[in-house]
$ cat my_file.cif   # mmCIF, C-alpha atoms
data_start
#
loop_
_atom_site.label_atom_id
_atom_site.label_comp_id
_atom_site.auth_asym_id
_atom_site.auth_seq_id
_atom_site.Cartn_x
_atom_site.Cartn_y
_atom_site.Cartn_z
CA MET M 296 -16.07 -33.61 10.71
CA ALA M 297 -18.36 -34.08 13.72
CA HIS M 298 -17.96 -31.84 16.72
CA GLY M 299 -19.17 -32.58 20.23
CA PRO M 300 -20.87 -30.09 22.53
CA ASP M 301 -18.82 -27.17 23.62
CA GLU M 302 -18.34 -27.18 27.35
CA TYR M 303 -18.06 -23.40 27.58
CA ASP M 304 -21.24 -22.33 25.89
CA MET M 305 -23.80 -25.02 26.57
CA ASP M 306 -27.23 -24.29 25.19
CA MET M 307 -29.85 -26.52 26.81
CA ARG M 308 -32.95 -25.20 25.00
CA PRO M 309 -34.77 -27.59 22.66
CA ARG M 310 -33.35 -27.35 19.21
CA PRO M 311 -35.54 -26.04 16.38
CA ASP M 312 -33.57 -28.07 13.86
CA PRO M 313 -33.81 -31.85 14.09
CA SER M 314 -30.38 -32.42 12.54
CA PRO M 315 -27.76 -33.17 15.15
CA TRP M 316 -25.06 -31.64 12.92
CA LEU M 317 -26.04 -28.03 12.57
CA PRO M 318 -25.91 -27.14 16.24
CA PHE M 319 -22.52 -28.76 16.57
CA GLU M 320 -21.29 -26.92 13.53
CA SER M 321 -22.73 -23.63 14.74
CA ARG M 322 -21.20 -24.21 18.16
CA ARG M 323 -17.86 -24.79 16.51
CA ARG M 324 -18.37 -21.61 14.60
CA ALA M 325 -19.24 -19.67 17.75
CA ARG M 326 -16.14 -21.03 19.40
CA ASP M 327 -14.02 -20.11 16.39
CA GLU M 328 -15.51 -16.62 16.40
CA LYS M 329 -14.70 -16.17 20.08
CA ARG M 330 -11.23 -17.53 19.56
CA GLU M 331 -10.68 -15.09 16.71
CA ALA M 332 -12.10 -12.24 18.82
CA VAL M 333 -9.45 -13.02 21.42
CA LEU M 334 -6.77 -12.93 18.72
CA ARG M 335 -8.06 -9.64 17.35
CA ALA M 336 -8.06 -7.99 20.76
CA ALA M 337 -4.65 -9.46 21.58
CA VAL M 338 -2.94 -8.50 18.35
CA ALA M 339 -4.26 -4.93 18.60
CA LEU M 340 -2.96 -4.63 22.16
CA PHE M 341 0.39 -6.27 21.35
CA LEU M 342 0.89 -3.84 18.45
CA GLU M 343 -0.18 -0.87 20.57
CA GLN M 344 1.91 -1.59 23.63
CA GLY M 345 4.53 -4.09 22.50
CA TYR M 346 4.28 -7.80 23.32
CA HIS M 347 6.20 -7.63 26.58
CA ARG M 348 4.27 -4.72 28.04
CA ALA M 349 0.83 -5.99 27.01
CA THR M 350 -0.91 -8.15 29.62
CA LEU M 351 -3.52 -10.87 29.14
CA ASN M 352 -5.52 -9.12 31.88
CA GLU M 353 -5.96 -6.17 29.58
CA VAL M 354 -6.83 -8.40 26.61
CA ALA M 355 -9.52 -10.02 28.80
CA GLU M 356 -10.77 -6.63 30.00
CA ARG M 357 -11.22 -5.44 26.42
CA LEU M 358 -13.34 -8.50 25.73
CA ASN M 359 -15.37 -8.17 28.95
CA ILE M 360 -14.21 -11.55 30.14
CA THR M 361 -11.85 -12.75 32.84
CA LYS M 362 -8.27 -13.74 32.25
CA PRO M 363 -8.97 -17.41 33.14
CA ALA M 364 -11.68 -17.42 30.44
CA LEU M 365 -8.92 -16.72 27.89
CA TYR M 366 -7.37 -20.03 28.83
CA ASN M 367 -10.41 -21.79 27.38
CA TYR M 368 -9.04 -20.78 24.01
CA PHE M 369 -5.28 -20.53 24.42
CA ARG M 370 -2.80 -22.06 26.80
CA SER M 371 -0.41 -19.14 27.08
CA LYS M 372 0.44 -15.62 25.96
CA ASP M 373 3.05 -16.86 23.51
CA GLU M 374 0.55 -19.29 22.00
CA ILE M 375 -1.69 -16.27 21.31
CA LEU M 376 1.25 -14.50 19.70
CA PHE M 377 1.87 -17.56 17.54
CA GLU M 378 -1.78 -17.77 16.48
CA CYS M 379 -1.78 -14.06 15.51
CA TRP M 380 1.19 -14.74 13.28
CA ALA M 381 -0.58 -17.83 11.87
CA MET M 382 -3.63 -15.72 10.90
CA GLY M 383 -1.40 -13.52 8.75
CA GLN M 384 0.65 -16.38 7.33
CA GLU M 385 -2.50 -18.26 6.37
CA ARG M 386 -3.71 -15.33 4.28
CA VAL M 387 -0.39 -15.06 2.51
CA ASP M 388 -0.31 -18.82 1.88
CA ASP M 389 -3.85 -18.64 0.46
CA PHE M 390 -2.80 -15.84 -1.89
CA ILE M 391 0.23 -17.78 -3.05
CA SER M 392 -1.92 -20.84 -3.79
CA SER M 393 -4.33 -18.82 -5.92
CA ILE M 394 -1.51 -17.00 -7.72
CA ASP M 395 0.18 -20.31 -8.51
CA GLY M 396 -3.16 -21.69 -9.68
CA GLU M 397 -3.81 -18.76 -12.02
CA GLY M 398 -0.49 -19.05 -13.86
CA GLY M 399 1.05 -16.27 -15.98
CA THR M 400 4.58 -14.95 -16.34
CA GLY M 401 6.91 -14.58 -13.39
CA LEU M 402 6.41 -10.82 -13.51
CA VAL M 403 2.62 -11.15 -13.43
CA LYS M 404 2.82 -13.49 -10.45
CA LEU M 405 5.32 -11.25 -8.69
CA ARG M 406 3.04 -8.22 -9.10
CA LYS M 407 0.08 -10.16 -7.76
CA LEU M 408 2.07 -11.28 -4.77
CA VAL M 409 3.30 -7.75 -4.05
CA ARG M 410 -0.26 -6.44 -4.21
CA ALA M 411 -1.70 -9.16 -1.98
CA TYR M 412 1.15 -9.08 0.52
CA ALA M 413 0.95 -5.29 0.81
CA GLU M 414 -2.71 -5.56 1.72
CA VAL M 415 -2.04 -8.23 4.35
CA MET M 416 0.71 -6.03 5.84
CA ALA M 417 -1.85 -3.24 6.30
CA THR M 418 -3.87 -5.48 8.67
CA ASP M 419 -3.10 -6.18 12.32
CA PHE M 420 -2.46 -9.87 11.72
CA GLY M 421 -0.18 -9.02 8.82
CA ALA M 422 1.75 -6.49 10.90
CA SER M 423 2.11 -9.13 13.62
CA MET M 424 4.20 -11.14 11.15
CA VAL M 425 6.93 -8.49 11.18
CA ARG M 426 6.52 -6.51 14.40
CA PHE M 427 7.15 -9.27 16.93
CA ASP M 428 10.19 -11.27 17.89
CA VAL M 429 10.15 -14.93 16.90
CA ARG M 430 12.26 -15.68 19.96
CA ASP M 431 9.28 -14.90 22.20
CA LEU M 432 7.66 -18.11 20.94
CA SER M 433 8.20 -21.67 22.11
CA GLU M 434 11.01 -23.39 20.26
CA LYS M 435 8.59 -25.51 18.26
CA ASN M 436 6.43 -22.56 17.23
CA SER M 437 9.40 -20.35 16.44
CA GLU M 438 10.58 -23.06 14.05
CA VAL M 439 7.15 -23.06 12.36
CA VAL M 440 7.29 -19.27 12.00
CA ARG M 441 10.81 -19.37 10.59
CA ALA M 442 9.72 -22.00 8.06
CA GLY M 443 6.77 -19.78 7.09
CA LYS M 444 9.05 -16.78 6.57
CA ARG M 445 11.43 -18.87 4.49
CA SER M 446 8.56 -20.12 2.39
CA ILE M 447 7.40 -16.56 1.60
CA ASP M 448 10.96 -15.52 0.80
CA HIS M 449 11.36 -18.52 -1.50
CA THR M 450 8.12 -17.69 -3.29
CA PHE M 451 9.39 -14.17 -4.07
CA ARG M 452 12.63 -15.67 -5.38
CA ARG M 453 10.76 -18.35 -7.34
CA TYR M 454 8.60 -15.79 -9.17
CA ILE M 455 11.65 -13.68 -9.96
CA THR M 456 13.56 -16.73 -11.22
CA GLU M 457 10.54 -17.80 -13.31
CA GLY M 458 10.37 -14.27 -14.70
CA ILE M 459 14.04 -14.34 -15.67
CA SER M 460 13.47 -17.71 -17.42
CA ASP M 461 10.33 -16.60 -19.29
CA GLY M 462 11.87 -13.23 -20.23
CA SER M 463 9.42 -11.05 -18.31
CA ILE M 464 12.09 -10.06 -15.77
CA LYS M 465 15.60 -8.79 -16.49
CA PRO M 466 18.51 -10.94 -15.32
CA CYS M 467 19.27 -10.01 -11.69
CA ASP M 468 20.26 -11.48 -8.35
CA ALA M 469 16.93 -13.09 -7.37
CA LYS M 470 17.84 -13.28 -3.70
CA LEU M 471 18.80 -9.62 -3.34
CA SER M 472 15.80 -8.51 -5.43
CA ALA M 473 13.48 -10.59 -3.26
CA PHE M 474 14.94 -9.02 -0.12
CA ALA M 475 14.56 -5.52 -1.56
CA ILE M 476 10.89 -6.12 -2.38
CA ALA M 477 10.05 -7.95 0.84
CA GLY M 478 11.70 -5.18 2.84
CA SER M 479 9.50 -2.47 1.33
CA LEU M 480 6.46 -4.62 1.95
CA ASN M 481 7.32 -5.64 5.49
CA TRP M 482 7.95 -2.01 6.33
CA ILE M 483 4.25 -1.33 5.69
CA GLY M 484 3.58 -3.35 8.85
CA HIS M 485 5.59 -0.74 10.73
CA TRP M 486 4.35 2.56 9.28
CA TYR M 487 0.82 1.88 8.09
CA ARG M 488 -1.94 3.43 10.22
CA PRO M 489 -5.61 2.67 9.51
CA ASP M 490 -6.42 6.32 10.25
CA GLY M 491 -3.68 7.58 7.89
CA PRO M 492 -4.28 9.23 4.51
CA LEU M 493 -3.33 6.23 2.34
CA PRO M 494 -5.88 3.44 1.88
CA PRO M 495 -4.37 -0.08 1.62
CA THR M 496 -5.43 -0.46 -2.01
CA THR M 497 -3.56 2.73 -3.00
CA ILE M 498 -0.45 1.44 -1.28
CA SER M 499 -0.73 -2.03 -2.79
CA GLU M 500 -1.40 -0.76 -6.33
CA GLU M 501 1.45 1.71 -6.13
CA PHE M 502 3.90 -0.86 -4.71
CA ALA M 503 2.87 -3.54 -7.22
CA VAL M 504 4.14 -1.22 -9.97
CA ARG M 505 6.92 0.62 -8.15
CA LEU M 506 8.66 -2.39 -6.62
CA THR M 507 8.69 -4.35 -9.87
CA GLU M 508 9.21 -1.73 -12.58
CA GLY M 509 12.99 -1.84 -12.22
CA LEU M 510 12.89 -5.61 -12.77
CA ALA M 511 10.45 -5.64 -15.68
CA HIS M 512 11.91 -6.18 -19.11
CA ARG M 513 9.50 -3.61 -20.51
CA PRO M 514 8.54 -0.93 -18.01
CA PRO M 515 4.78 -0.37 -17.67
CA SER M 516 3.31 2.54 -19.64
CA ARG M 517 2.97 5.92 -17.94
CA LYS M 518 -0.76 5.37 -17.79
CA ALA M 519 -0.42 2.07 -15.95
CA ARG M 520 1.98 3.70 -13.52
CA ARG M 521 -0.61 6.23 -12.34
CA MET G 7 48.82 13.67 21.21
CA ALA G 8 50.52 12.38 24.38
CA HIS G 9 48.85 9.85 26.64
CA GLY G 10 48.70 10.34 30.41
CA PRO G 11 47.78 7.95 33.22
CA ASP G 12 44.38 6.39 33.16
CA GLU G 13 42.60 5.47 36.36
CA TYR G 14 42.25 1.90 35.13
CA ASP G 15 45.81 1.54 33.93
CA MET G 16 47.82 3.68 36.32
CA ASP G 17 51.27 4.50 35.18
CA MET G 18 53.35 6.06 37.95
CA ARG G 19 56.41 6.96 35.88
CA PRO G 20 57.22 10.67 35.67
CA ARG G 21 55.39 12.28 32.83
CA PRO G 22 57.29 13.44 29.81
CA ASP G 23 54.71 16.14 29.19
CA PRO G 24 54.14 18.78 31.89
CA SER G 25 50.68 19.84 30.68
CA PRO G 26 47.93 18.93 33.10
CA TRP G 27 45.36 18.81 30.23
CA LEU G 28 46.56 15.94 28.13
CA PRO G 29 46.10 13.29 30.78
CA PHE G 30 42.47 14.35 31.22
CA GLU G 31 41.95 14.11 27.48
CA SER G 32 43.46 10.66 27.34
CA ARG G 33 41.40 9.61 30.32
CA ARG G 34 38.30 10.74 28.53
CA ARG G 35 39.41 8.81 25.50
CA ALA G 36 40.06 5.64 27.44
CA ARG G 37 36.72 6.06 29.10
CA ASP G 38 35.05 6.58 25.73
CA GLU G 39 36.71 3.45 24.39
CA LYS G 40 35.51 1.40 27.32
CA ARG G 41 32.06 2.90 27.05
CA GLU G 42 31.97 1.96 23.38
CA ALA G 43 33.21 -1.54 24.18
CA VAL G 44 30.23 -1.91 26.52
CA LEU G 45 27.90 -0.75 23.76
CA ARG G 46 29.46 -3.15 21.24
CA ALA G 47 29.09 -6.12 23.58
CA ALA G 48 25.56 -5.07 24.53
CA VAL G 49 24.27 -4.49 21.01
CA ALA G 50 25.68 -7.85 19.85
CA LEU G 51 23.96 -9.62 22.74
CA PHE G 52 20.68 -7.73 22.31
CA LEU G 53 20.62 -8.64 18.61
CA GLU G 54 21.51 -12.25 19.35
CA GLN G 55 19.04 -12.90 22.15
CA GLY G 56 16.51 -10.08 21.90
CA TYR G 57 16.53 -7.11 24.27
CA HIS G 58 14.23 -8.63 26.89
CA ARG G 59 16.06 -11.93 27.15
CA ALA G 60 19.56 -10.43 27.21
CA THR G 61 20.91 -9.64 30.68
CA LEU G 62 23.49 -7.07 31.76
CA ASN G 63 25.16 -9.87 33.69
CA GLU G 64 25.99 -11.54 30.41
CA VAL G 65 27.14 -8.26 28.86
CA ALA G 66 29.49 -7.82 31.83
CA GLU G 67 30.69 -11.43 31.58
CA ARG G 68 31.61 -10.96 27.94
CA LEU G 69 33.71 -7.96 28.91
CA ASN G 70 35.34 -9.71 31.88
CA ILE G 71 33.94 -7.13 34.26
CA THR G 72 31.25 -7.19 36.92
CA LYS G 73 27.73 -5.95 36.37
CA PRO G 74 28.20 -3.06 38.84
CA ALA G 75 31.20 -1.93 36.77
CA LEU G 76 28.81 -1.38 33.86
CA TYR G 77 27.07 1.23 35.95
CA ASN G 78 30.21 3.36 35.78
CA TYR G 79 29.26 3.95 32.17
CA PHE G 80 25.49 3.64 31.98
CA ARG G 81 22.67 4.04 34.43
CA SER G 82 20.36 1.35 33.10
CA LYS G 83 19.77 -1.31 30.48
CA ASP G 84 17.43 0.95 28.52
CA GLU G 85 20.04 3.71 28.54
CA ILE G 86 22.44 1.24 26.89
CA LEU G 87 19.77 0.43 24.31
CA PHE G 88 19.33 4.13 23.64
CA GLU G 89 23.06 4.69 23.22
CA CYS G 90 23.30 1.77 20.76
CA TRP G 91 20.61 3.43 18.69
CA ALA G 92 22.43 6.77 18.98
CA MET G 93 25.62 5.23 17.58
CA GLY G 94 23.74 4.24 14.43
CA GLN G 95 21.80 7.47 14.15
CA GLU G 96 24.99 9.51 14.49
CA ARG G 97 26.53 7.74 11.51
CA VAL G 98 23.45 8.35 9.41
CA ASP G 99 23.34 12.01 10.47
CA ASP G 100 27.02 12.38 9.54
CA PHE G 101 26.35 10.90 6.11
CA ILE G 102 23.43 13.24 5.55
CA SER G 103 25.56 16.25 6.47
CA SER G 104 28.26 15.30 3.99
CA ILE G 105 25.76 14.51 1.25
CA ASP G 106 24.07 17.87 1.78
CA GLY G 107 27.48 19.53 1.72
CA GLU G 108 28.49 17.89 -1.55
CA GLY G 109 25.42 19.03 -3.47
CA GLY G 110 24.23 17.51 -6.76
CA THR G 111 20.82 16.55 -8.08
CA GLY G 112 18.15 15.03 -5.91
CA LEU G 113 18.78 11.66 -7.56
CA VAL G 114 22.52 11.81 -6.91
CA LYS G 115 21.89 12.64 -3.24
CA LEU G 116 19.26 9.93 -2.94
CA ARG G 117 21.66 7.32 -4.35
CA LYS G 118 24.38 8.40 -1.95
CA LEU G 119 21.99 8.17 0.97
CA VAL G 120 20.80 4.71 -0.08
CA ARG G 121 24.39 3.50 -0.36
CA ALA G 122 25.47 4.95 2.99
CA TYR G 123 22.34 3.89 4.84
CA ALA G 124 22.61 0.31 3.48
CA GLU G 125 26.14 0.08 4.86
CA VAL G 126 25.06 1.37 8.28
CA MET G 127 22.23 -1.20 8.32
CA ALA G 128 24.79 -3.98 7.84
CA THR G 129 26.45 -3.03 11.16
CA ASP G 130 25.23 -3.97 14.64
CA PHE G 131 24.55 -0.37 15.64
CA GLY G 132 22.67 0.18 12.39
CA ALA G 133 20.57 -2.95 12.91
CA SER G 134 19.81 -1.74 16.44
CA MET G 135 17.97 1.20 14.85
CA VAL G 136 15.34 -1.14 13.40
CA ARG G 137 15.42 -4.33 15.46
CA PHE G 138 14.42 -2.92 18.85
CA ASP G 139 11.23 -1.48 20.21
CA VAL G 140 11.25 2.24 20.90
CA ARG G 141 8.78 1.65 23.71
CA ASP G 142 11.48 -0.09 25.74
CA LEU G 143 13.15 3.31 26.19
CA SER G 144 12.36 6.01 28.72
CA GLU G 145 9.75 8.44 27.49
CA LYS G 146 12.32 11.15 26.92
CA ASN G 147 14.68 8.89 24.98
CA SER G 148 11.92 7.33 22.94
CA GLU G 149 10.95 10.84 21.83
CA VAL G 150 14.54 11.48 20.75
CA VAL G 151 14.57 8.23 18.76
CA ARG G 152 11.24 9.02 17.12
CA ALA G 153 12.55 12.45 16.15
CA GLY G 154 15.66 10.81 14.66
CA LYS G 155 13.56 8.38 12.61
CA ARG G 156 11.38 11.24 11.39
CA SER G 157 14.44 13.19 10.39
CA ILE G 158 15.79 10.30 8.28
CA ASP G 159 12.39 9.82 6.67
CA HIS G 160 12.19 13.53 5.88
CA THR G 161 15.63 13.45 4.32
CA PHE G 162 14.60 10.67 1.94
CA ARG G 163 11.50 12.67 1.03
CA ARG G 164 13.49 15.86 0.67
CA TYR G 165 15.95 14.32 -1.82
CA ILE G 166 13.07 12.83 -3.81
CA THR G 167 11.25 16.17 -3.84
CA GLU G 168 14.45 17.96 -4.88
CA GLY G 169 14.91 15.39 -7.64
CA ILE G 170 11.38 15.97 -8.92
CA SER G 171 12.06 19.73 -8.96
CA ASP G 172 15.43 19.46 -10.71
CA GLY G 173 14.11 16.88 -13.20
CA SER G 174 16.38 14.01 -12.13
CA ILE G 175 13.44 12.09 -10.62
CA LYS G 176 10.10 11.36 -12.24
CA PRO G 177 7.00 12.87 -10.62
CA CYS G 178 5.83 10.48 -7.87
CA ASP G 179 4.40 10.41 -4.37
CA ALA G 180 7.55 11.32 -2.40
CA LYS G 181 6.18 9.92 0.86
CA LEU G 182 5.30 6.51 -0.53
CA SER G 183 8.55 6.33 -2.50
CA ALA G 184 10.54 7.20 0.61
CA PHE G 185 8.74 4.46 2.57
CA ALA G 186 9.40 1.92 -0.20
CA ILE G 187 13.12 2.72 -0.22
CA ALA G 188 13.52 2.95 3.55
CA GLY G 189 11.70 -0.36 3.94
CA SER G 190 14.14 -2.22 1.70
CA LEU G 191 17.04 -0.62 3.53
CA ASN G 192 15.73 -1.22 7.04
CA TRP G 193 15.11 -4.84 6.14
CA ILE G 194 18.86 -5.27 5.72
CA GLY G 195 19.09 -4.84 9.51
CA HIS G 196 16.95 -7.97 9.81
CA TRP G 197 18.44 -10.32 7.23
CA TYR G 198 22.09 -9.30 6.91
CA ARG G 199 24.60 -11.68 8.47
CA PRO G 200 28.30 -10.79 8.62
CA ASP G 201 29.10 -14.43 7.78
CA GLY G 202 26.70 -14.46 4.80
CA PRO G 203 27.78 -14.50 1.15
CA LEU G 204 27.01 -10.83 0.40
CA PRO G 205 29.53 -8.18 1.50
CA PRO G 206 27.95 -4.86 2.61
CA THR G 207 29.42 -2.97 -0.34
CA THR G 208 27.79 -5.37 -2.84
CA ILE G 209 24.45 -4.87 -1.12
CA SER G 210 24.81 -1.11 -0.93
CA GLU G 211 25.94 -0.73 -4.56
CA GLU G 212 23.15 -2.98 -5.80
CA PHE G 213 20.49 -1.22 -3.72
CA ALA G 214 21.73 2.26 -4.68
CA VAL G 215 20.87 1.40 -8.29
CA ARG G 216 17.95 -0.98 -7.81
CA LEU G 217 15.95 1.13 -5.35
CA THR G 218 16.25 4.30 -7.40
CA GLU G 219 16.16 3.11 -11.02
CA GLY G 220 12.36 3.18 -11.12
CA LEU G 221 12.43 6.80 -9.96
CA ALA G 222 15.20 8.03 -12.26
CA HIS G 223 14.15 10.01 -15.27
CA ARG G 224 16.82 8.25 -17.32
CA PRO G 225 17.57 4.75 -16.11
CA PRO G 226 21.28 4.02 -15.62
CA SER G 227 23.06 2.22 -18.42
CA ARG G 228 23.35 -1.55 -18.32
CA LYS G 229 26.99 -1.17 -17.51
CA ALA G 230 26.28 0.98 -14.46
CA ARG G 231 23.70 -1.52 -13.31
CA ARG G 232 26.15 -4.40 -13.20
#
$ encode --input "my_file.cif" --output "structure tokens"
Amino acid sequence: MAHGPDEYDMDMRPRPDPSPWLPFESRRRARDEKREAVLRAAVALFLEQGYHRATLNEVAERLNITKPALYNYFRSKDEILFECWAMGQERVDDFISSIDGEGGTGLVKLRKLVRAYAEVMATDFGASMVRFDVRDLSEKNSEVVRAGKRSIDHTFRRYITEGISDGSIKPCDAKLSAFAIAGSLNWIGHWYRPDGPLPPTTISEEFAVRLTEGLAHRPPSRKARR
Amino acid sequence: MAHGPDEYDMDMRPRPDPSPWLPFESRRRARDEKREAVLRAAVALFLEQGYHRATLNEVAERLNITKPALYNYFRSKDEILFECWAMGQERVDDFISSIDGEGGTGLVKLRKLVRAYAEVMATDFGASMVRFDVRDLSEKNSEVVRAGKRSIDHTFRRYITEGISDGSIKPCDAKLSAFAIAGSLNWIGHWYRPDGPLPPTTISEEFAVRLTEGLAHRPPSRKARR
């Protein structure tokens, strides 16, 4: 995928590398890094102050740039909100792809998903998936977000249903069980503080056992529970 | 209890009851009913459209009154939001008082709280406790709300800790367990729809077992789980 010069960060010095591709690629990377830096500053501010109170002026200030410079990367505040959500959703989608690829019983997959999802929820982009209001997005983007949420919900149900079929999970209402698990996990996005006493891995390990032990046909040993 | 004239529904017939107190009481009651009607209309609209998009004009329209008439009952939009939250919190506080009064093991109390809290979450006022942003309130009110949330969280932890002491609950991290349970319950406020297939009592019964069975020293019998 070739990329043309970036109009915002033109480097006119002679290039040490004769290949025309590397500079383009590295420019793309620099642009992506700046774009992500905007998202990181924005999501932190949105979480801190609430989306409606947070201003793009303050996002720009935190990045030592001007507000118009933000518009090189994003067209509007709600597009930034959408892209923050997309950063979290992408991680969850990646996890689901690997879990599906690795195979195993429904219970094994469910535990992996709980663990991975818990860790995403303990990040700013993960929290942005549950702390903001979809209705603040454009209609098109809010539909994309809703579809993403449905897809995560369906994956929880699918693993539970697979587990019931393969005998690793006790017969239960897959929908209600999925809601119960997702609720505990989404709540992490509300209470988790990076400066708190619980590291994300402790939370995710604990939840991977705790939220599934009631469903498991054979509860994990005491040792595994600790 | 006799009913006297009400400033909004003046009845000029001679009063059957000579006491000057009853009419005041009934006036207060009529006022309370109207005040609650405002809250019901407001919370429904806030949940439907999101707090920031919802207007008091539309709340007034739904009640067939004018926007200034709303100010007979509330001083501001954020005061209405606060009072919606307070309606939910009051129900939870009432439940906690009765549960404490009834006694029993930590596990028994925890199950009662899960059941009651799940049912509150399936109401509009309950959902308002988790669907809105505390930072939209005045500083004073947001502190009251935060204290209310802390108090609920502490009650979950208290019942778990009591259960560990009395042997009804397995040793566990009470804080993390309380978060896991509260998360599943609070999530009801996000996904529950009155026109959905699951009645609140089904949800609350299912959650009362499901969210506590991993903690219970002796899991409930299969029969109790169904």
$ closest_atom_pairs --input "my_file.cif" --of "chain M" --to "chain G" --cutoff "7 Å" --atoms "only C-alpha atoms" --output "Markdown table"
| residue | atom | partner | partner_atom | distance |
| --- | --- | --- | --- | --- |
| M:Ala475 | CA | G:Ser190 | CA | 4.7 |
| M:Ile476 | CA | G:Ser190 | CA | 6.5 |
| M:Gly478 | CA | G:Ser190 | CA | 4.0 |
| M:Ser479 | CA | G:Gly189 | CA | 4.0 |
| M:Trp482 | CA | G:Gly189 | CA | 4.7 |
| M:Arg505 | CA | G:Gly220 | CA | 6.7 |
| M:Glu508 | CA | G:Gly220 | CA | 6.0 |
| M:Gly509 | CA | G:Gly220 | CA | 5.2 |
$ resolve_selection --input "my_file.cif" --expression "the PyMOL selection byres ((chain M and resi 352-357) around 12)" --output "count of residues only"
31
$ atom_distance --input "my_file.cif" --atom1 "atom CA of G:Gly132" --atom2 "atom CA of G:Glu96"
9.8 Å
$ resolve_selection --input "my_file.cif" --expression "the PyMOL selection byres ((chain G and resi 116-121) around 9)" --output "ChimeraX atom specification"
/G:98,101-102,105,111-115,122-126,161-162,165-166,169,187-188,191,207,209-215,217-218
$ resolve_selection --input "my_file.cif" --expression "the PyMOL selection byres ((chain M and resi 378) around 10)" --output "list in words"
Arg330, Glu331, Leu334, Val338, Phe369, Lys372, Asp373, Glu374, Ile375, Leu376, Phe377, Cys379, Trp380, Ala381, Met382, Gly383, Gln384, Phe420, Ser423 and Asn436 of chain M
$ write_last_selection --input "my_file.cif" --atoms "C-alpha atoms" --output "PDB file, keeping the file's coordinate frame"
ATOM      1  CA  ARG M 330     -11.230 -17.530  19.560  1.00  0.00           C
ATOM      2  CA  GLU M 331     -10.680 -15.090  16.710  1.00  0.00           C
ATOM      3  CA  LEU M 334      -6.770 -12.930  18.720  1.00  0.00           C
ATOM      4  CA  VAL M 338      -2.940  -8.500  18.350  1.00  0.00           C
ATOM      5  CA  PHE M 369      -5.280 -20.530  24.420  1.00  0.00           C
ATOM      6  CA  LYS M 372       0.440 -15.620  25.960  1.00  0.00           C
ATOM      7  CA  ASP M 373       3.050 -16.860  23.510  1.00  0.00           C
ATOM      8  CA  GLU M 374       0.550 -19.290  22.000  1.00  0.00           C
ATOM      9  CA  ILE M 375      -1.690 -16.270  21.310  1.00  0.00           C
ATOM     10  CA  LEU M 376       1.250 -14.500  19.700  1.00  0.00           C
ATOM     11  CA  PHE M 377       1.870 -17.560  17.540  1.00  0.00           C
ATOM     12  CA  CYS M 379      -1.780 -14.060  15.510  1.00  0.00           C
ATOM     13  CA  TRP M 380       1.190 -14.740  13.280  1.00  0.00           C
ATOM     14  CA  ALA M 381      -0.580 -17.830  11.870  1.00  0.00           C
ATOM     15  CA  MET M 382      -3.630 -15.720  10.900  1.00  0.00           C
ATOM     16  CA  GLY M 383      -1.400 -13.520   8.750  1.00  0.00           C
ATOM     17  CA  GLN M 384       0.650 -16.380   7.330  1.00  0.00           C
ATOM     18  CA  PHE M 420      -2.460  -9.870  11.720  1.00  0.00           C
ATOM     19  CA  SER M 423       2.110  -9.130  13.620  1.00  0.00           C
ATOM     20  CA  ASN M 436       6.430 -22.560  17.230  1.00  0.00           C
TER      21      ASN M 436
END
$ atom_distance --input "my_file.cif" --atom1 "atom CA of M:Arg453" --atom2 "atom CA of M:Pro466"
13.4 Å
